[in-house]
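Q: Coordinates in my_file.txt, compact mmCIF, C-alpha atoms and all ligand atoms, are listed below.
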# COMPACT_ATOMS: atom_id res chain seq x y z
CA MET A 793 0.00 0.00 0.00
CA ALA A 794 2.10 2.90 -1.18
CA ILE A 795 0.37 6.11 -0.24
CA ASP A 796 0.33 8.97 -2.73
CA ARG A 797 1.42 11.78 -0.52
CA VAL A 798 2.17 15.41 -0.86
CA ILE A 799 5.63 15.00 0.61
CA ASN A 800 6.82 11.91 -1.25
CA SER A 801 9.73 12.85 -3.47
CA GLU A 802 9.58 9.46 -5.21
CA SER A 803 6.20 10.19 -6.72
CA LEU A 804 7.31 13.28 -8.65
CA ASP A 805 5.64 12.97 -12.02
CA ARG A 806 6.66 14.97 -15.09
CA GLN A 807 4.14 17.71 -14.51
CA GLU A 808 5.25 18.07 -10.90
CA GLU A 809 8.87 18.14 -11.98
CA GLU A 810 8.18 20.92 -14.51
CA PHE A 811 6.34 22.87 -11.81
CA ASN A 812 9.31 22.32 -9.48
CA VAL A 813 11.80 23.52 -12.08
CA SER A 814 9.72 26.60 -12.90
CA LEU A 815 9.92 27.73 -9.27
CA ARG A 816 13.58 26.86 -8.77
CA PRO A 817 15.81 29.85 -7.90
CA LYS A 818 18.56 30.42 -10.47
CA PHE A 819 20.96 32.60 -8.49
CA LEU A 820 22.03 32.74 -4.85
CA SER A 821 20.28 36.10 -4.35
CA GLU A 822 16.95 34.34 -5.05
CA CYS A 823 17.63 31.48 -2.60
CA ILE A 824 15.91 31.91 0.73
CA GLY A 825 17.37 30.54 4.01
CA GLN A 826 20.44 28.27 4.39
CA THR A 827 22.41 31.45 5.19
CA ASN A 828 25.43 29.60 6.47
CA ILE A 829 25.81 27.51 3.32
CA LYS A 830 25.24 30.51 1.06
CA GLU A 831 27.98 32.51 2.83
CA LYS A 832 30.48 29.67 2.52
CA LEU A 833 29.58 29.15 -1.13
CA ILE A 834 30.05 32.83 -1.92
CA ILE A 835 33.55 32.77 -0.41
CA ALA A 836 34.50 29.54 -2.18
CA MET A 837 33.16 30.75 -5.54
CA THR A 838 34.74 34.21 -5.29
CA ALA A 839 38.11 32.70 -4.36
CA ALA A 840 37.94 30.14 -7.17
CA LYS A 841 37.03 32.87 -9.69
CA LYS A 842 39.92 35.09 -8.47
CA ARG A 843 42.37 32.23 -8.88
CA GLY A 844 40.82 31.30 -12.21
CA GLU A 845 40.35 27.74 -10.95
CA PRO A 846 37.35 25.42 -10.90
CA LEU A 847 35.57 24.90 -7.57
CA GLU A 848 36.43 22.01 -5.28
CA HIS A 849 34.03 19.05 -5.30
CA ILE A 850 30.92 19.69 -3.20
CA LEU A 851 28.57 17.36 -1.33
CA PHE A 852 25.08 18.56 -0.33
CA TYR A 853 23.26 16.31 2.08
CA GLY A 854 19.94 16.41 3.92
CA PRO A 855 16.31 15.29 3.58
CA PRO A 856 14.55 15.47 0.19
CA GLY A 857 13.08 18.76 -1.03
CA LEU A 858 15.41 21.11 0.89
CA GLY A 859 17.23 22.45 -2.18
CA LYS A 860 20.23 20.24 -2.98
CA THR A 861 19.51 20.14 -6.73
CA THR A 862 18.60 23.83 -6.64
CA LEU A 863 21.95 24.76 -5.07
CA ALA A 864 23.89 22.62 -7.58
CA ASN A 865 22.22 24.52 -10.45
CA VAL A 866 22.71 27.84 -8.68
CA VAL A 867 26.45 27.15 -8.26
CA ALA A 868 26.68 26.37 -11.99
CA ASN A 869 24.86 29.61 -12.90
CA GLU A 870 26.96 31.71 -10.52
CA MET A 871 30.18 30.21 -11.91
CA GLY A 872 28.96 30.61 -15.49
CA ALA A 873 29.54 26.87 -15.92
CA LYS A 874 27.64 24.16 -17.77
CA ILE A 875 26.02 21.50 -15.62
CA ARG A 876 25.46 17.87 -16.55
CA CYS A 877 23.04 15.99 -14.33
CA SER A 878 22.77 12.32 -13.54
CA SER A 879 22.00 10.13 -10.55
CA GLY A 880 23.56 7.21 -8.68
CA PRO A 881 21.12 4.55 -9.93
CA ALA A 882 21.40 5.77 -13.57
CA LEU A 883 25.18 5.33 -13.66
CA VAL A 884 25.32 1.58 -13.90
CA LYS A 885 28.79 1.02 -15.37
CA ALA A 886 32.06 2.91 -15.77
CA GLY A 887 31.16 3.58 -19.42
CA ASP A 888 28.12 5.64 -18.32
CA VAL A 889 30.38 7.96 -16.31
CA MET A 890 32.94 7.99 -19.10
CA GLY A 891 30.24 9.22 -21.49
CA LEU A 892 29.58 12.19 -19.21
CA LEU A 893 33.21 12.97 -18.35
CA SER A 894 34.69 12.73 -21.82
CA ASN A 895 32.65 15.75 -23.02
CA ILE A 896 33.14 17.88 -19.96
CA ASN A 897 35.03 21.19 -20.22
CA THR A 898 37.22 22.94 -17.68
CA GLY A 899 35.11 24.34 -14.84
CA ASP A 900 31.97 22.43 -15.85
CA ILE A 901 29.88 20.74 -13.21
CA LEU A 902 28.87 17.11 -13.00
CA PHE A 903 25.89 16.75 -10.68
CA ILE A 904 25.15 13.28 -9.29
CA ASP A 905 21.93 13.03 -7.29
CA GLU A 906 21.47 10.11 -4.87
CA ILE A 907 25.21 9.63 -4.95
CA HIS A 908 24.98 7.08 -2.10
CA ARG A 909 23.42 4.69 -4.62
CA LEU A 910 26.45 4.47 -6.92
CA SER A 911 27.70 0.93 -7.42
CA THR A 912 31.18 0.15 -6.04
CA PRO A 913 32.83 -0.21 -9.51
CA VAL A 914 31.42 3.15 -10.66
CA GLU A 915 32.46 4.76 -7.39
CA GLU A 916 36.00 3.40 -7.71
CA PHE A 917 36.13 4.60 -11.30
CA LEU A 918 35.32 8.10 -10.04
CA TYR A 919 38.15 8.27 -7.46
CA PRO A 920 41.01 9.15 -9.88
CA ALA A 921 38.61 11.35 -11.87
CA MET A 922 37.90 13.42 -8.76
CA GLU A 923 41.44 13.45 -7.42
CA GLU A 924 43.75 13.54 -10.41
CA PHE A 925 41.36 14.37 -13.26
CA ARG A 926 42.12 11.22 -15.17
CA VAL A 927 40.43 7.86 -15.55
CA ASP A 928 41.66 4.37 -16.33
CA PHE A 929 39.22 3.05 -18.88
CA THR A 930 39.22 -0.57 -19.97
CA VAL A 931 38.24 -1.28 -23.57
CA ASP A 932 37.47 -4.73 -24.98
CA SER A 933 37.49 -7.75 -22.72
CA GLY A 934 39.33 -11.03 -22.25
CA LEU A 935 42.61 -11.37 -24.17
CA HIS A 936 42.10 -8.08 -26.03
CA ALA A 937 41.38 -6.01 -22.92
CA LYS A 938 43.39 -2.79 -22.79
CA THR A 939 43.43 -0.10 -20.11
CA ILE A 940 43.63 3.41 -21.48
CA ASN A 941 44.65 6.26 -19.25
CA PHE A 942 42.37 9.11 -20.24
CA PRO A 943 43.10 12.68 -19.06
CA LEU A 944 40.09 14.83 -18.13
CA LYS A 945 39.48 18.57 -17.92
CA ARG A 946 39.35 19.98 -14.39
CA PHE A 947 35.68 19.72 -13.50
CA THR A 948 33.67 20.06 -10.29
CA LEU A 949 31.63 17.14 -9.02
CA ILE A 950 28.57 18.08 -6.99
CA GLY A 951 26.99 15.17 -5.19
CA ALA A 952 23.63 15.16 -3.41
CA THR A 953 22.41 12.60 -0.92
CA THR A 954 19.73 12.10 1.67
CA ARG A 955 22.07 9.69 3.46
CA ALA A 956 25.58 10.97 3.98
CA GLY A 957 26.06 8.06 6.39
CA LEU A 958 25.81 5.57 3.52
CA LEU A 959 28.65 7.19 1.58
CA SER A 960 31.90 5.25 1.75
CA ALA A 961 34.75 7.01 3.57
CA PRO A 962 36.97 7.17 0.43
CA LEU A 963 34.22 8.87 -1.58
CA ARG A 964 33.30 11.28 1.21
CA SER A 965 36.93 12.27 1.73
CA ARG A 966 37.24 13.34 -1.92
CA PHE A 967 34.78 16.19 -1.44
CA GLY A 968 36.41 19.47 -0.44
CA MET A 969 33.16 21.01 0.83
CA LEU A 970 30.38 19.15 2.65
CA TYR A 971 27.20 21.02 3.44
CA HIS A 972 24.27 19.81 5.49
CA LEU A 973 20.94 21.39 4.54
CA ASP A 974 18.63 22.13 7.47
CA PHE A 975 14.85 22.35 7.60
CA TYR A 976 13.55 25.90 6.95
CA ASN A 977 11.73 27.96 9.57
CA GLU A 978 8.23 29.31 9.01
CA ALA A 979 9.38 32.82 8.09
CA GLU A 980 11.69 31.39 5.41
CA LEU A 981 8.95 29.14 4.07
CA THR A 982 6.56 32.08 3.95
CA ALA A 983 9.14 34.02 1.93
CA ILE A 984 9.52 31.05 -0.44
CA LEU A 985 5.74 30.85 -0.84
CA LYS A 986 5.52 34.61 -1.52
CA ARG A 987 8.14 34.25 -4.24
CA SER A 988 6.30 31.26 -5.75
CA ALA A 989 2.88 32.98 -5.54
CA ASN A 990 4.39 35.98 -7.38
CA LEU A 991 5.81 33.76 -10.12
CA LEU A 992 2.44 32.01 -10.44
CA LYS A 993 0.61 35.39 -10.38
CA LEU A 994 -1.49 34.07 -7.50
CA LYS A 995 -3.25 36.57 -5.25
CA SER A 996 -3.67 35.85 -1.55
CA ASP A 997 -5.06 37.52 1.59
CA ASP A 998 -2.58 38.55 4.28
CA GLY A 999 -1.72 35.64 6.55
CA THR A 1000 -2.80 32.86 4.18
CA LEU A 1001 0.69 31.95 2.97
CA GLU A 1002 1.77 31.76 6.62
CA LEU A 1003 -0.90 29.07 7.13
CA ILE A 1004 0.61 26.99 4.33
CA ALA A 1005 4.16 27.61 5.61
CA ALA A 1006 3.21 26.28 9.06
CA ARG A 1007 2.19 22.98 7.49
CA SER A 1008 5.06 22.53 5.08
CA ARG A 1009 7.27 20.32 7.29
CA GLY A 1010 10.15 22.79 7.02
CA THR A 1011 10.53 21.81 3.34
CA PRO A 1012 10.35 24.16 0.31
CA ARG A 1013 9.22 21.39 -2.04
CA VAL A 1014 6.30 20.57 0.27
CA ALA A 1015 5.44 24.28 0.56
CA ASN A 1016 5.33 24.65 -3.24
CA ARG A 1017 3.29 21.49 -3.67
CA LEU A 1018 0.76 22.58 -1.08
CA LEU A 1019 0.55 25.95 -2.80
CA LYS A 1020 -0.24 24.16 -6.05
CA ARG A 1021 -3.01 22.08 -4.43
CA VAL A 1022 -4.45 25.16 -2.73
CA ARG A 1023 -4.34 27.08 -6.03
CA ASP A 1024 -6.29 24.29 -7.76
CA TYR A 1025 -8.84 24.26 -4.95
CA ALA A 1026 -9.20 28.06 -5.11
CA GLN A 1027 -9.81 27.91 -8.85
CA VAL A 1028 -12.52 25.26 -8.55
CA LYS A 1029 -14.23 26.22 -5.29
CA GLY A 1030 -13.54 29.95 -5.21
CA LYS A 1031 -12.46 32.74 -7.52
CA GLY A 1032 -8.80 31.79 -7.75
CA HIS A 1033 -7.87 34.07 -4.85
CA LEU A 1034 -6.46 32.53 -1.63
CA ASN A 1035 -8.22 33.27 1.64
CA THR A 1036 -8.15 31.54 5.03
CA ALA A 1037 -11.20 29.35 4.40
CA ILE A 1038 -9.92 28.17 0.99
CA VAL A 1039 -6.51 27.28 2.44
CA GLU A 1040 -7.95 25.51 5.51
CA ASN A 1041 -10.43 23.50 3.40
CA ALA A 1042 -7.88 22.58 0.75
CA LEU A 1043 -5.38 21.36 3.37
CA GLN A 1044 -8.10 19.44 5.16
CA MET A 1045 -8.99 17.73 1.89
CA GLU A 1046 -5.32 16.75 1.51
CA GLN A 1047 -5.51 15.33 5.07
CA ILE A 1048 -2.69 17.61 6.19
CA ASP A 1049 -3.04 18.29 9.91
CA SER A 1050 -2.14 21.36 11.96
CA LEU A 1051 1.54 20.34 12.11
CA GLY A 1052 1.78 19.37 8.46
CA LEU A 1053 1.61 15.63 9.15
CA ASP A 1054 -0.15 13.58 6.50
CA GLU A 1055 -1.76 10.17 6.38
CA LEU A 1056 1.50 8.23 6.14
CA ASP A 1057 3.06 10.07 9.10
CA ARG A 1058 0.00 9.29 11.20
CA LEU A 1059 -0.10 5.64 10.09
CA PHE A 1060 3.60 5.35 10.92
CA LEU A 1061 3.14 6.76 14.43
CA ARG A 1062 -0.02 4.76 15.08
CA ALA A 1063 1.66 1.52 13.99
CA LEU A 1064 4.53 2.28 16.34
CA ALA A 1065 2.12 3.03 19.18
CA ASN A 1066 -0.44 0.31 18.65
CA VAL A 1067 1.38 -2.58 16.98
CA TYR A 1068 4.76 -2.13 18.67
CA GLU A 1069 3.46 -0.67 21.93
CA GLY A 1070 5.40 2.54 21.45
CA GLY A 1071 8.62 0.81 20.44
CA PRO A 1072 11.43 0.22 20.22
CA ALA A 1073 10.69 -1.20 16.77
CA GLY A 1074 13.02 -1.90 13.87
CA ILE A 1075 12.51 0.08 10.66
CA GLU A 1076 12.17 -3.13 8.60
CA ALA A 1077 9.35 -4.32 10.85
CA LEU A 1078 7.57 -0.96 10.58
CA ALA A 1079 8.00 -0.94 6.80
CA ALA A 1080 6.50 -4.44 6.59
CA THR A 1081 3.57 -3.48 8.80
CA LEU A 1082 2.82 -0.42 6.67
CA GLY A 1083 3.57 -2.04 3.30
CA GLU A 1084 5.90 0.86 2.52
CA GLU A 1085 9.51 0.99 1.33
CA LYS A 1086 11.99 1.19 4.18
CA ASP A 1087 13.84 3.94 2.27
CA THR A 1088 10.69 6.07 2.01
CA LEU A 1089 10.20 5.84 5.76
CA GLU A 1090 13.84 6.64 6.49
CA ASP A 1091 14.23 9.44 3.92
CA VAL A 1092 10.85 11.10 3.86
CA VAL A 1093 8.85 10.29 6.98
CA GLU A 1094 11.36 10.02 9.80
CA PRO A 1095 13.54 13.15 9.44
CA TYR A 1096 10.68 15.55 10.15
CA LEU A 1097 9.21 13.41 12.95
CA LEU A 1098 12.66 13.35 14.57
CA GLN A 1099 13.03 17.08 14.06
CA ILE A 1100 9.75 17.92 15.83
CA GLY A 1101 10.46 15.47 18.66
CA PHE A 1102 7.75 12.95 17.76
CA LEU A 1103 10.19 10.10 17.28
CA ARG A 1104 13.34 8.84 18.98
CA ARG A 1105 15.96 6.69 17.30
CA THR A 1106 17.71 4.44 19.78
CA LYS A 1107 20.11 1.51 19.34
CA ARG A 1108 17.16 -0.83 19.89
CA GLY A 1109 14.91 0.83 17.31
CA ARG A 1110 12.36 3.62 16.88
CA GLU A 1111 10.34 4.90 19.83
CA ILE A 1112 7.34 7.18 19.87
CA THR A 1113 7.43 10.19 22.22
CA THR A 1114 4.76 11.56 24.55
CA GLN A 1115 4.41 14.69 22.35
CA ALA A 1116 3.44 12.48 19.39
CA CYS A 1117 0.95 10.60 21.55
CA SER A 1118 -0.74 13.75 22.77
CA HIS A 1119 -0.88 15.20 19.22
CA LEU A 1120 -2.58 12.04 17.92
CA GLY A 1121 -4.74 11.54 21.02
CA LEU A 1122 -3.05 8.29 21.97
CA LYS A 1123 -3.12 7.59 25.70
CA LEU A 1124 0.09 6.64 27.44
CA ARG A 1125 -0.29 3.56 29.62
CA GLN A 1126 1.73 2.96 32.77
CA LYS A 1127 5.14 1.38 32.27
CA LYS A 1128 4.76 -2.36 32.91
CA GLN A 1129 7.67 -3.33 35.12
CA GLY A 1130 11.42 -2.91 35.35
CA ILE A 1131 13.40 0.07 34.13
CA ASP A 1132 14.21 -1.50 30.78
CA GLN A 1133 10.61 -2.11 29.81
CA PRO A 1134 9.40 0.09 26.98
CA GLU A 1135 6.40 2.30 27.62
CA PHE A 1136 3.10 0.79 26.51
CA PHE A 1137 0.34 2.55 24.71
CA GLU A 1138 -3.28 1.75 24.30
CA GLN A 1139 -5.60 2.24 21.34
CA GLU A 1140 -6.47 5.69 20.20
CA GLN A 1141 -8.96 7.52 22.41
CA GLN A 1142 -12.34 8.06 20.84
P1 LIG B 1201 16.34 18.41 -3.27
O1 LIG B 1201 17.27 18.32 -4.43
O2 LIG B 1201 17.03 18.66 -1.96
O3 LIG B 1201 15.39 17.24 -3.17
P2 LIG B 1201 15.21 20.64 -4.76
O4 LIG B 1201 16.45 21.39 -5.05
O5 LIG B 1201 14.61 19.83 -5.87
O6 LIG B 1201 15.42 19.71 -3.47
O7 LIG B 1201 14.15 21.71 -4.20
C1 LIG B 1201 12.76 21.51 -4.29
C2 LIG B 1201 12.06 22.80 -4.65
O8 LIG B 1201 12.12 23.68 -3.53
C3 LIG B 1201 12.71 23.57 -5.80
O9 LIG B 1201 12.04 23.33 -6.99
C4 LIG B 1201 12.58 25.01 -5.43
O10 LIG B 1201 11.44 25.57 -6.03
C5 LIG B 1201 12.35 25.02 -3.94
N1 LIG B 1201 13.53 25.52 -3.20
C6 LIG B 1201 14.53 24.77 -2.69
N2 LIG B 1201 15.42 25.54 -2.04
C7 LIG B 1201 14.96 26.80 -2.11
C8 LIG B 1201 15.43 28.06 -1.60
N3 LIG B 1201 16.55 28.14 -0.87
N4 LIG B 1201 14.72 29.15 -1.87
C9 LIG B 1201 13.58 29.07 -2.60
N5 LIG B 1201 13.06 27.91 -3.09
C10 LIG B 1201 13.74 26.79 -2.86
Starting from the coordinates I provided, produce the structure as structure tokens.
Ligand code: ADP

A:
Amino acid sequence: MAIDRVINSESLDRQEEEFNVSLRPKFLSECIGQTNIKEKLIIAMTAAKKRGEPLEHILFYGPPGLGKTTLANVVANEMGAKIRCSSGPALVKAGDVMGLLSNINTGDILFIDEIHRLSTPVEEFLYPAMEEFRVDFTVDSGLHAKTINFPLKRFTLIGATTRAGLLSAPLRSRFGMLYHLDFYNEAELTAILKRSANLLKLKSDDGTLELIAARSRGTPRVANRLLKRVRDYAQVKGKGHLNTAIVENALQMEQIDSLGLDELDRLFLRALANVYEGGPAGIEALAATLGEEKDTLEDVVEPYLLQIGFLRRTKRGREITTQACSHLGLKLRQKKQGIDQPEFFEQEQQ
């Protein structure tokens, strides 16, 4: 049972992707939030330009929808460089990388999304490319196999990942700059929504974009998607203009609650509370109970629940917190016995 959800990055269809791209900032001055990263990037880019050198390799990591791809494109625009984009799962063999690298010019950017999903041979093929700007490429096979040492132009690799922890140490160490993207606060999300509403020529009453920002899980992609759903609702049920009632009704229809949690978040927390008595529960077990991909739960559901203190990750597994229980109306039962016993929860209160 995979749930079609507003926050699921996996379910981006073509139309959604076009919408996403149309709202993507092109230069740093248009990027909202992530001040720390922007400052460091400005220094690195200015220094590289002054020296007339390409930038060092960069790794952006953090939950989906926070702007990793956006920043990679922004860096390319700011440096006046061409960007070639690919992703870990798409680069199956060394030849796929070779195809990208052989046409690359000095200062160009190679962007690899989901870089933690590169296969070991492809990753190892990249090491000399990143470090010494050359690759050892094997042509033919068996008796006729020949290794050609192929020099490359000095390029910049920008990697993006939701799981920096899954990157091998040798790959991680080849990045000169590693930046962790944080969730955005409500003021930043409101500013992002104002920018998007302007681009979409969407009119709204004061305070309505703030309502959407508060339910966007700290994530620009979620904010923009909710704006799109609310815009559709306003066109059908109203006069195209956003007011409080339109926003509240549209979000209710999407089953987005006051904290921005959706159906899958609630199912996740309820399974943890009711099936696993509050935890600790392993992520595989939870994924099986919900019929969802483990990766979806780890990448998309858990980061925000951890961030708002609804979930704890311990060595023994995931545990629900009392804040989550009170938000969902789940009643905390007395601890059974012994200090090591997990807390037990009973069914949802009616
Ligand atoms: P990621 O690669 O981390 O999954 P994206 O770069 O695709 O995320 O960002 C998703 C969307 O969020 C973009 O299309 C863009 O419209 C918006 N966005 C991301 N970061 C910012 C930002 N700093 N300012 C404004 N909008 C942003």

Q: Could you give me the residues within 10 Å of ligand LIG 1201 (chain B), counting all atoms listed in the file, as a CSV table (one decimal) with C-alpha atoms, in the coordinates of the input?

A:
chain,number,residue,atom,x,y,z
A,801,SER,CA,9.7,12.8,-3.5
A,802,GLU,CA,9.6,9.5,-5.2
A,808,GLU,CA,5.2,18.1,-10.9
A,809,GLU,CA,8.9,18.1,-12.0
A,810,GLU,CA,8.2,20.9,-14.5
A,811,PHE,CA,6.3,22.9,-11.8
A,812,ASN,CA,9.3,22.3,-9.5
A,813,VAL,CA,11.8,23.5,-12.1
A,814,SER,CA,9.7,26.6,-12.9
A,815,LEU,CA,9.9,27.7,-9.3
A,816,ARG,CA,13.6,26.9,-8.8
A,817,PRO,CA,15.8,29.8,-7.9
A,818,LYS,CA,18.6,30.4,-10.5
A,819,PHE,CA,21.0,32.6,-8.5
A,820,LEU,CA,22.0,32.7,-4.8
A,821,SER,CA,20.3,36.1,-4.4
A,822,GLU,CA,17.0,34.3,-5.0
A,823,CYS,CA,17.6,31.5,-2.6
A,824,ILE,CA,15.9,31.9,0.7
A,825,GLY,CA,17.4,30.5,4.0
A,826,GLN,CA,20.4,28.3,4.4
A,827,THR,CA,22.4,31.4,5.2
A,830,LYS,CA,25.2,30.5,1.1
A,852,PHE,CA,25.1,18.6,-0.3
A,853,TYR,CA,23.3,16.3,2.1
A,854,GLY,CA,19.9,16.4,3.9
A,855,PRO,CA,16.3,15.3,3.6
A,856,PRO,CA,14.6,15.5,0.2
A,857,GLY,CA,13.1,18.8,-1.0
A,858,LEU,CA,15.4,21.1,0.9
A,859,GLY,CA,17.2,22.4,-2.2
A,860,LYS,CA,20.2,20.2,-3.0
A,861,THR,CA,19.5,20.1,-6.7
A,862,THR,CA,18.6,23.8,-6.6
A,863,LEU,CA,22.0,24.8,-5.1
A,864,ALA,CA,23.9,22.6,-7.6
A,865,ASN,CA,22.2,24.5,-10.4
A,866,VAL,CA,22.7,27.8,-8.7
A,905,ASP,CA,21.9,13.0,-7.3
A,906,GLU,CA,21.5,10.1,-4.9
A,952,ALA,CA,23.6,15.2,-3.4
A,953,THR,CA,22.4,12.6,-0.9
A,954,THR,CA,19.7,12.1,1.7
A,973,LEU,CA,20.9,21.4,4.5
A,976,TYR,CA,13.6,25.9,7.0
A,980,GLU,CA,11.7,31.4,5.4
A,981,LEU,CA,9.0,29.1,4.1
A,983,ALA,CA,9.1,34.0,1.9
A,984,ILE,CA,9.5,31.0,-0.4
A,985,LEU,CA,5.7,30.8,-0.8
A,986,LYS,CA,5.5,34.6,-1.5
A,987,ARG,CA,8.1,34.2,-4.2
A,988,SER,CA,6.3,31.3,-5.8
A,1011,THR,CA,10.5,21.8,3.3
A,1012,PRO,CA,10.4,24.2,0.3
A,1013,ARG,CA,9.2,21.4,-2.0
A,1014,VAL,CA,6.3,20.6,0.3
A,1015,ALA,CA,5.4,24.3,0.6
A,1016,ASN,CA,5.3,24.6,-3.2
A,1017,ARG,CA,3.3,21.5,-3.7

Q: What is the CA of Asn1066 in chain A to CA of Asp1087 in chain A distance in Å?

A: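 Those two atoms sit 22.0 Å apart.
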
Q: Between CA of Ile901 in chain A and CA of Ala873 in chain A, measure the distance and give it in Å to one decimal.

A: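 So the two atoms, CA of Ile901 in chain A and CA of Ala873 in chain A, lie 6.7 Å apart.
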
Q: Which is closer to Arg1058 in chain A than all the others in A:His1119, A:Arg876, A:His908, A:Lys995, using all atoms listed in the file?

A: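 The answer is A:His1119, which sits nearest to Arg1058 in chain A.
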
Q: Would you mind telling me which residue in A:Leu847, A:Leu883, A:Leu910, A:Met922 lies nearest to Ser960 in chain A when using only C-alpha atoms?

A: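 For Ser960 in chain A, the nearest of the candidates is A:Leu910.
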
Q: Which residues come within 6 Å of Leu1103 in chain A, counting all atoms listed in the file, excluding same-chain residues fewer than 5 positions away, as a ChimeraX atom specification?

A: /A:1097-1098,1111-1113

Q: Return as lines of an AutoDock Vina configuration file the centre and edge lengths, in Å with one decimal, of the box along x, y and z that encloses every atom of range 1039-1046 of chain A in the file, padded by 6 Å per side.

A:
center_x = -7.9
center_y = 22.0
center_z = 3.1
size_x = 17.1
size_y = 22.5
size_z = 16.8

Q: Near Ile907 in chain A, counting only C-alpha atoms, which residues have an atom at most 10 Å away, once you skip same-chain residues fewer than 4 positions from it, shown as a PDB file with C-alpha atoms, keeping the file's coordinate frame?

A:
ATOM      1  CA  LEU A 851      28.570  17.360  -1.330  1.00  0.00           C
ATOM      2  CA  TYR A 853      23.260  16.310   2.080  1.00  0.00           C
ATOM      3  CA  SER A 878      22.770  12.320 -13.540  1.00  0.00           C
ATOM      4  CA  SER A 879      22.000  10.130 -10.550  1.00  0.00           C
ATOM      5  CA  GLY A 880      23.560   7.210  -8.680  1.00  0.00           C
ATOM      6  CA  PRO A 881      21.120   4.550  -9.930  1.00  0.00           C
ATOM      7  CA  LEU A 883      25.180   5.330 -13.660  1.00  0.00           C
ATOM      8  CA  PHE A 903      25.890  16.750 -10.680  1.00  0.00           C
ATOM      9  CA  SER A 911      27.700   0.930  -7.420  1.00  0.00           C
ATOM     10  CA  GLU A 915      32.460   4.760  -7.390  1.00  0.00           C
ATOM     11  CA  ILE A 950      28.570  18.080  -6.990  1.00  0.00           C
ATOM     12  CA  GLY A 951      26.990  15.170  -5.190  1.00  0.00           C
ATOM     13  CA  ALA A 952      23.630  15.160  -3.410  1.00  0.00           C
ATOM     14  CA  THR A 953      22.410  12.600  -0.920  1.00  0.00           C
ATOM     15  CA  THR A 954      19.730  12.100   1.670  1.00  0.00           C
ATOM     16  CA  ARG A 955      22.070   9.690   3.460  1.00  0.00           C
ATOM     17  CA  ALA A 956      25.580  10.970   3.980  1.00  0.00           C
ATOM     18  CA  LEU A 958      25.810   5.570   3.520  1.00  0.00           C
ATOM     19  CA  LEU A 959      28.650   7.190   1.580  1.00  0.00           C
ATOM     20  CA  LEU A 963      34.220   8.870  -1.580  1.00  0.00           C
TER      21      LEU A 963
END

Q: List the neighbours of Gly999 in chain A out to 8 Å using all atoms listed in the file; skip same-chain residues closer than 3 positions along the sequence, and give me the result as a compact mmCIF listing (two decimals) with C-alpha atoms, keeping the file's coordinate frame.

A:
# COMPACT_ATOMS: atom_id res chain seq x y z
CA GLU A 1002 1.77 31.76 6.62
CA LEU A 1003 -0.90 29.07 7.13
CA THR A 1036 -8.15 31.54 5.03

Q: Calculate how many Å separate CA of Leu1034 in chain A from CA of Glu1055 in chain A, rounding to one decimal.

A: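 CA of Glu1055 in chain A lies at a distance of 24.2 Å from CA of Leu1034 in chain A.
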
Q: Compare A:Leu944, A:Ala836, A:Leu994, A:Ile1048 by their minimum atom-to-atom distance to Lys1031 in chain A, counting only C-alpha atoms, and give me the closest one.

A: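 Closest residue, counting only C-alpha atoms: A:Leu994.
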
Q: So, with only C-alpha atoms as the atoms that count, which of A:Leu949, A:Leu970, A:Ile850, A:Val914 lies closest to Asp888 in chain A?

A: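 Residue with the minimum atom-to-atom distance to Asp888 in chain A: A:Val914.
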
Q: Looking at only C-alpha atoms, which of A:Glu923, A:Asp928, A:Asp1091, A:Glu870 is the one that sits closest to Met837 in chain A?

A: A:Glu870

Q: Pick out the residues sitting within 12 Å of Ala840 in chain A, and hand them over as an MDAnalysis selection string; count all atoms listed in the file, and ignore anything fewer than 6 positions along from it in its own chain.

A: chainID A and resid 833:834 846:849 867 870:871 899 948

Q: Looking at A:Ile829, A:Leu1019, A:Leu1120, A:Ala882, which one is nearest to Asp974 in chain A, with distances taken over only C-alpha atoms?

A: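 Checking each candidate against Asp974 in chain A, we get A:Ile829 as the closest.
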
Q: Tell me which protein, DNA and RNA residues are within 8 Å of Thr898 in chain A, counting all atoms listed in the file, leaving out same-chain ones fewer than 3 positions away, and put them as a short mmCIF file (atom, residue, chain, number, x, y, z; two decimals) with C-alpha atoms, keeping the file's coordinate frame.

A:
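That gives us part-v1.cif:
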data_model
loop_
_atom_site.label_atom_id
_atom_site.label_comp_id
_atom_site.auth_asym_id
_atom_site.auth_seq_id
_atom_site.Cartn_x
_atom_site.Cartn_y
_atom_site.Cartn_z
CA PRO A 846 37.35 25.42 -10.90
CA LYS A 945 39.48 18.57 -17.92
CA ARG A 946 39.35 19.98 -14.39
CA PHE A 947 35.68 19.72 -13.50
#
